[in-house]
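Trainee: Sharing coords-v9.pdb (PDB, C-alpha atoms) below.
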```pdb
ATOM      1  CA  MET A   1       0.000   0.000   0.000
ATOM      2  CA  TYR A   2       1.188   3.512  -0.757
ATOM      3  CA  LYS A   3       1.509   6.133   1.967
ATOM      4  CA  ILE A   4      -1.796   8.050   2.161
ATOM      5  CA  SER A   5      -1.813  11.679   3.294
ATOM      6  CA  TYR A   6      -4.826  13.614   4.515
ATOM      7  CA  ASP A   7      -5.322  17.330   3.823
ATOM      8  CA  PRO A   8      -7.647  18.694   6.543
ATOM      9  CA  SER A   9      -8.194  21.991   4.698
ATOM     10  CA  SER A  10      -9.778  20.242   1.692
ATOM     11  CA  GLY A  11     -10.891  17.057   3.439
ATOM     12  CA  SER A  12      -9.186  14.981   0.760
ATOM     13  CA  TYR A  13      -6.660  12.177   0.739
ATOM     14  CA  HIS A  14      -3.814  11.756  -1.688
ATOM     15  CA  PHE A  15      -1.124   9.249  -2.513
ATOM     16  CA  ARG A  16       1.529   8.927  -5.197
ATOM     17  CA  THR A  17       2.341   5.725  -7.034
ATOM     18  CA  GLU A  18       5.837   4.576  -7.877
ATOM     19  CA  ASN A  19       4.966   5.260 -11.539
ATOM     20  CA  GLY A  20       4.431   8.979 -10.931
ATOM     21  CA  LEU A  21       0.633   8.969 -10.782
ATOM     22  CA  THR A  22      -0.939  10.978  -7.966
ATOM     23  CA  PHE A  23      -4.433  10.121  -6.728
ATOM     24  CA  LEU A  24      -6.689  12.635  -5.002
ATOM     25  CA  CYS A  25      -9.661  11.039  -3.204
ATOM     26  CA  GLY A  26     -12.366  12.121  -0.822
ATOM     27  CA  PHE A  27     -15.951  11.905   0.355
ATOM     28  CA  ARG A  28     -18.791  14.437  -0.077
ATOM     29  CA  ASN A  29     -21.771  14.262   2.258
ATOM     30  CA  ARG A  30     -24.875  13.824   0.076
ATOM     31  CA  THR A  31     -27.305  13.009   2.902
ATOM     32  CA  ARG A  32     -28.878  16.476   2.985
ATOM     33  CA  ASP A  33     -29.554  16.268  -0.788
ATOM     34  CA  LEU A  34     -31.596  13.113  -0.326
ATOM     35  CA  SER A  35     -34.818  11.969   1.278
ATOM     36  CA  PRO A  36     -35.320  13.156   4.873
ATOM     37  CA  VAL A  37     -36.382   9.594   5.727
ATOM     38  CA  LEU A  38     -32.693   8.622   5.592
ATOM     39  CA  GLY A  39     -32.003  11.163   8.344
ATOM     40  CA  ILE A  40     -34.731   9.715  10.541
ATOM     41  CA  TYR A  41     -32.804   6.430  10.526
ATOM     42  CA  ASP A  42     -29.447   8.294  10.957
ATOM     43  CA  ILE A  43     -28.262   6.950   7.593
ATOM     44  CA  GLU A  44     -25.338   8.889   6.129
ATOM     45  CA  VAL A  45     -24.768   8.824   2.354
ATOM     46  CA  TRP A  46     -21.365   9.960   1.130
ATOM     47  CA  GLU A  47     -20.207  10.241  -2.465
ATOM     48  CA  PHE A  48     -16.672   8.997  -3.089
ATOM     49  CA  TYR A  49     -14.624  10.897  -5.645
ATOM     50  CA  PHE A  50     -11.175  10.315  -7.021
ATOM     51  CA  ASN A  51      -8.990  11.795  -9.673
ATOM     52  CA  SER A  52      -5.538  10.877 -10.851
ATOM     53  CA  TYR A  53      -2.942  12.913 -12.628
ATOM     54  CA  LYS A  54       0.612  12.348 -13.684
ATOM     55  CA  THR A  55       3.413  14.158 -11.940
ATOM     56  CA  ASP A  56       6.272  12.731 -14.029
ATOM     57  CA  GLU A  57       6.814  11.982 -17.680
ATOM     58  CA  GLN A  58       4.104   9.556 -18.741
ATOM     59  CA  ASN A  59       5.257   6.037 -19.374
ATOM     60  CA  ASP A  60       3.468   2.848 -20.361
ATOM     61  CA  SER A  61       3.432   1.540 -16.805
ATOM     62  CA  LEU A  62       0.899   4.227 -15.816
ATOM     63  CA  LYS A  63      -1.806   2.342 -17.692
ATOM     64  CA  LYS A  64      -1.205  -0.996 -15.958
ATOM     65  CA  PHE A  65      -3.378  -2.186 -13.108
ATOM     66  CA  ASP A  66      -1.612  -1.408  -9.830
ATOM     67  CA  LYS A  67      -2.814  -3.577  -6.961
ATOM     68  CA  ARG A  68      -1.440  -1.063  -4.430
ATOM     69  CA  VAL A  69      -3.824   1.590  -5.803
ATOM     70  CA  SER A  70      -6.628  -0.909  -5.231
ATOM     71  CA  THR A  71      -5.391  -1.459  -1.687
ATOM     72  CA  CYS A  72      -5.269   2.300  -0.978
ATOM     73  CA  ILE A  73      -8.739   3.014  -2.396
ATOM     74  CA  SER A  74     -10.329   0.067  -0.600
ATOM     75  CA  HIS A  75      -8.555   1.003   2.647
ATOM     76  CA  LEU A  76      -9.996   4.534   2.451
ATOM     77  CA  ILE A  77     -13.515   3.331   1.650
ATOM     78  CA  PHE A  78     -13.630   0.620   4.296
ATOM     79  CA  LYS A  79     -12.104   2.800   6.975
ATOM     80  CA  PHE A  80     -14.765   5.361   6.087
ATOM     81  CA  LEU A  81     -17.485   2.695   6.344
ATOM     82  CA  ALA A  82     -16.597   1.850   9.963
ATOM     83  CA  PRO A  83     -19.854   3.402  11.277
ATOM     84  CA  GLU A  84     -22.587   0.881  10.441
ATOM     85  CA  LEU A  85     -25.063   3.512   9.181
ATOM     86  CA  ARG A  86     -22.716   4.965   6.563
ATOM     87  CA  VAL A  87     -23.090   4.325   2.828
ATOM     88  CA  VAL A  88     -20.643   5.205   0.054
ATOM     89  CA  LEU A  89     -21.972   6.113  -3.383
ATOM     90  CA  TYR A  90     -19.706   6.406  -6.410
ATOM     91  CA  THR A  91     -20.547   7.688  -9.870
ATOM     92  CA  CYS A  92     -18.638   7.446 -13.125
ATOM     93  CA  ASP A  93     -19.954   9.855 -15.778
ATOM     94  CA  SER A  94     -19.588   9.645 -19.562
ATOM     95  CA  SER A  95     -18.231  13.174 -20.064
ATOM     96  CA  ASP A  96     -14.942  11.819 -21.404
ATOM     97  CA  GLY A  97     -16.248   8.457 -22.646
ATOM     98  CA  ARG A  98     -14.283   6.581 -19.965
ATOM     99  CA  HIS A  99     -17.138   5.855 -17.541
ATOM    100  CA  GLU A 100     -17.041   2.121 -18.279
ATOM    101  CA  VAL A 101     -13.277   2.033 -17.614
ATOM    102  CA  ARG A 102     -13.695   3.804 -14.260
ATOM    103  CA  HIS A 103     -16.652   1.596 -13.331
ATOM    104  CA  ASN A 104     -14.602  -1.508 -14.169
ATOM    105  CA  LEU A 105     -11.798  -0.163 -11.964
ATOM    106  CA  PHE A 106     -14.231   0.028  -9.041
ATOM    107  CA  LYS A 107     -15.315  -3.544  -9.734
ATOM    108  CA  GLN A 108     -11.679  -4.671  -9.827
ATOM    109  CA  TRP A 109     -10.883  -2.758  -6.644
ATOM    110  CA  PHE A 110     -13.862  -4.277  -4.875
ATOM    111  CA  ASN A 111     -13.208  -7.804  -6.169
ATOM    112  CA  ASN A 112      -9.562  -7.683  -5.068
ATOM    113  CA  LEU A 113     -10.432  -6.929  -1.462
ATOM    114  CA  VAL A 114      -9.443  -9.217   1.320
ATOM    115  CA  GLU A 115     -12.404  -8.107   3.448
ATOM    116  CA  ARG A 116     -15.071  -7.932   0.728
ATOM    117  CA  GLU A 117     -17.165 -10.648   2.399
ATOM    118  CA  ASN A 118     -18.068  -8.016   5.036
ATOM    119  CA  TYR A 119     -19.328  -5.490   2.463
ATOM    120  CA  THR A 120     -21.796  -5.331  -0.356
ATOM    121  CA  ARG A 121     -21.625  -3.427  -3.645
ATOM    122  CA  LEU A 122     -24.797  -2.669  -5.555
ATOM    123  CA  PRO A 123     -23.870  -1.567  -9.110
ATOM    124  CA  ILE A 124     -26.060   0.998 -10.850
ATOM    125  CA  GLU A 125     -26.326   2.032 -14.515
ATOM    126  CA  ILE A 126     -28.248   5.027 -15.792
ATOM    127  CA  ASP A 127     -28.613   6.107 -19.422
ATOM    128  CA  GLN A 128     -30.430   9.316 -20.246
ATOM    129  CA  LYS A 129     -31.561  10.544 -23.640
ATOM    130  CA  ASP A 130     -32.486  14.027 -24.770
ATOM    131  CA  GLU A 131     -34.166  13.395 -28.099
ATOM    132  CA  THR A 132     -34.607  17.085 -28.907
ATOM    133  CA  LEU A 133     -30.822  17.553 -28.817
ATOM    134  CA  ASP A 134     -30.053  13.964 -29.931
ATOM    135  CA  LEU A 135     -27.852  13.409 -26.881
ATOM    136  CA  VAL A 136     -27.243  10.342 -24.775
ATOM    137  CA  ALA A 137     -25.426  10.527 -21.457
ATOM    138  CA  SER A 138     -24.521   7.617 -19.264
ATOM    139  CA  ALA A 139     -23.370   7.095 -15.738
ATOM    140  CA  ARG A 140     -22.222   3.971 -14.016
ATOM    141  CA  GLY A 141     -21.716   3.649 -10.327
ATOM    142  CA  GLY A 142     -22.747   1.874  -7.230
ATOM    143  CA  ILE A 143     -23.415   1.828  -3.552
ATOM    144  CA  ILE A 144     -21.015   0.208  -1.091
ATOM    145  CA  THR A 145     -22.031  -0.543   2.463
ATOM    146  CA  ARG A 146     -21.454  -3.043   5.205
ATOM    147  CA  LYS A 147     -23.326  -6.333   4.933
ATOM    148  CA  ASP A 148     -24.652  -5.798   8.444
ATOM    149  CA  PHE A 149     -26.280  -2.489   7.429
ATOM    150  CA  PRO A 150     -29.506  -2.533   9.484
ATOM    151  CA  HIS A 151     -31.867  -0.587   7.162
ATOM    152  CA  MET A 152     -31.205  -1.974   3.688
ATOM    153  CA  ASP A 153     -34.892  -1.809   2.742
ATOM    154  CA  ILE A 154     -35.101   1.906   3.655
ATOM    155  CA  LEU A 155     -31.817   2.631   1.893
ATOM    156  CA  GLN A 156     -32.875   0.878  -1.268
ATOM    157  CA  LYS A 157     -36.219   2.665  -1.432
ATOM    158  CA  GLU A 158     -35.100   6.135  -0.393
ATOM    159  CA  LEU A 159     -31.693   6.321  -2.053
ATOM    160  CA  ILE A 160     -32.485   4.597  -5.324
ATOM    161  CA  ASP A 161     -35.456   6.915  -5.808
ATOM    162  CA  LYS A 162     -33.000   9.846  -5.715
ATOM    163  CA  LEU A 163     -30.227   8.357  -7.833
ATOM    164  CA  PRO A 164     -31.473   9.755 -11.161
ATOM    165  CA  ASP A 165     -31.128  13.265  -9.695
ATOM    166  CA  ILE A 166     -27.639  12.600  -8.351
ATOM    167  CA  PHE A 167     -26.508  11.004 -11.593
ATOM    168  CA  ARG A 168     -28.215  13.684 -13.705
ATOM    169  CA  GLU A 169     -26.187  16.295 -11.850
ATOM    170  CA  LYS A 170     -23.065  14.296 -12.565
ATOM    171  CA  ILE A 171     -23.762  13.788 -16.291
ATOM    172  CA  GLY A 172     -24.955  17.238 -17.205
ATOM    173  CA  LEU A 173     -28.575  17.993 -16.319
ATOM    174  CA  LEU A 174     -30.313  16.466 -19.334
ATOM    175  CA  GLN A 175     -34.001  17.333 -19.633
ATOM    176  CA  HIS A 176     -35.445  13.815 -19.890
ATOM    177  CA  SER A 177     -34.738  11.330 -17.155
ATOM    178  CA  THR A 178     -35.082   7.598 -17.059
ATOM    179  CA  SER A 179     -35.372   5.192 -14.190
ATOM    180  CA  PRO A 180     -32.123   3.681 -13.015
ATOM    181  CA  THR A 181     -31.223   0.183 -14.108
ATOM    182  CA  ILE A 182     -29.971  -1.686 -11.093
ATOM    183  CA  SER A 183     -27.593  -4.548 -11.820
ATOM    184  CA  THR A 184     -27.178  -6.995  -8.982
TER     185      THR A 184
END
```
Output the file's structure in the form of structure tokens.
Mentor:
Amino acid sequence: MYKISYDPSSGSYHFRTENGLTFLCGFRNRTRDLSPVLGIYDIEVWEFYFNSYKTDEQNDSLKKFDKRVSTCISHLIFKFLAPELRVVLYTCDSSDGRHEVRHNLFKQWFNNLVERENYTRLPIEIDQKDETLDLVASARGGIITRKDFPHMDILQKELIDKLPDIFREKIGLLQHSTSPTIST
């Protein structure tokens, strides 16, 4: 695992790989943007974000899967999920056409976890069309929580009902919305 640093002024974490790639990661509280029913049950919903950028000359090794990145990301997410009523949401938008790649990275990160039997990941796919502008936007993502989460029925009903709004914000506020497709 790489050394992870925390910046209290921004609330973000960062680490640098041996290949010169720096990752910036963090969590945004989305609970107040969602159904007040979640608050009644003290459920916290946080959106995980990450970005990577090169700090050295790019080389071919930057594109290879780095298991230590997986270890760092999963460590951050699972440490963050220590409180049993916390949920992590991640979204991968299609603004650069790489949403499938990022979504597959999350799947790889999750599948490579030593402790994954204690957590659950619910993948989500949303495609939105604006026929007047002939646009299609997509977002992939998911919800990660502990398997012993006590209010899964409330979470599913109250959070999934709001996901089109969260994803719409992420993919550009298209006029026509569709229901989310939940892949389990």
Trainee: Taking all atoms listed in the file into account, which of A:Arg102, A:Leu34, A:Phe80, A:Phe149 comes nearest Tyr13 of chain A?
Mentor: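 Going through A:Arg102, A:Leu34, A:Phe80, A:Phe149 one by one, the smallest distance to Tyr13 of chain A is for A:Phe80.
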Trainee: Distance atom CA of Gly26 of chain A-atom CA of Tyr41 of chain A, one decimal place?
Mentor: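 Those two atoms sit 24.1 Å apart.
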Trainee: Write out as a list in words which residues come within 12 Å of Gly11 of chain A when counting all atoms listed in the file, dropping same-chain ones fewer than 3 positions away.
Mentor: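 The neighbour list is Ser5, Tyr6, Asp7, Pro8, His14, Leu24, Cys25, Gly26, Phe27, Arg28, Asn29, Phe48 and Tyr49 of chain A.
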Trainee: Could you work out how far atom CA of Lys147 of chain A lies from atom CA of Tyr119 of chain A, giving the answer in Å with one decimal?
Mentor: 4.8 Å
Trainee: Measuring atom to atom with only C-alpha atoms, identify which of A:Thr91, A:Thr120, A:Asn51, A:Asn104 is nearest to Ser138 of chain A.
Mentor: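 Distance minimum relative to Ser138 of chain A lands on A:Thr91.
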Trainee: Can you list what the PyMOL selection byres ((chain A and resi 2) around 10) grabs from this structure, as a list in words?
Mentor: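 Those residues are Met1, Lys3, Ile4, Ser5, His14, Phe15, Arg16, Thr17, Glu18, Arg68, Val69, Thr71 and Cys72 of chain A.
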Trainee: Once the PyMOL selection byres ((chain A and resi 116) around 12) has been evaluated on this model, what residues remain selected, and can you format them as a list in words?
Mentor: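 After applying the PyMOL selection byres ((chain A and resi 116) around 12), what remains is Thr71, Ser74, His75, Ile77, Phe78, Lys107, Gln108, Trp109, Phe110, Asn111, Asn112, Leu113, Val114, Glu115, Glu117, Asn118, Tyr119, Thr120, Arg121, Ile144, Thr145, Arg146 and Lys147 of chain A.
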Trainee: Taking into account only C-alpha atoms, which residue in the set A:Asp66, A:Glu84, A:Glu158, A:Glu125 is nearest to Leu105 of chain A?
Mentor: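 Among the listed residues, A:Asp66 lies closest to Leu105 of chain A.
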Trainee: Could you tell me which residues the PyMOL selection byres ((chain A and resi 39) around 12) grabs in this file, written as a ChimeraX atom specification?
Mentor: /A:30-38,40-45,85-86,151,154-155,158-159
Trainee: Report the distance between atom CA of Ile124 of chain A and atom CA of Gly141 of chain A in Å, rounded to one decimal place.
Mentor: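 Atom CA of Gly141 of chain A lies at a distance of 5.1 Å from atom CA of Ile124 of chain A.
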Trainee: Do you know which residues are at most 6 Å from Leu89 of chain A counting all atoms listed in the file, after dropping those on the same chain fewer than 5 positions away, and could you put them as a list in words?
Mentor: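 Residues meeting the cut-off are Trp46, Glu47, Gly142 and Ile143 of chain A.
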Trainee: Just checking: using all atoms listed in the file, which residue out of A:Pro83, A:Ala137, A:Thr22, A:His99 ends up closest to Lys54 of chain A?
Mentor: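 Selected residue with least distance to Lys54 of chain A: A:Thr22.
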Trainee: Determine the axis-aligned bounding box of all atoms of segment 36-52 of chain A present in the file, pad each side by 3 Å, and express its centre and edge lengths in Å to one decimal place as lines of an AutoDock Vina configuration file.
Mentor:
```
center_x = -21.0
center_y = 9.8
center_z = 0.1
size_x = 36.8
size_y = 12.7
size_z = 27.8
```
Trainee: Quick one: of A:Cys92, A:Leu76, A:Ser70, A:Val87, who's nearest to Leu122 of chain A, counting only C-alpha atoms?
Mentor: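 Between A:Cys92, A:Leu76, A:Ser70, A:Val87, the residue approaching Leu122 of chain A most closely is A:Val87.
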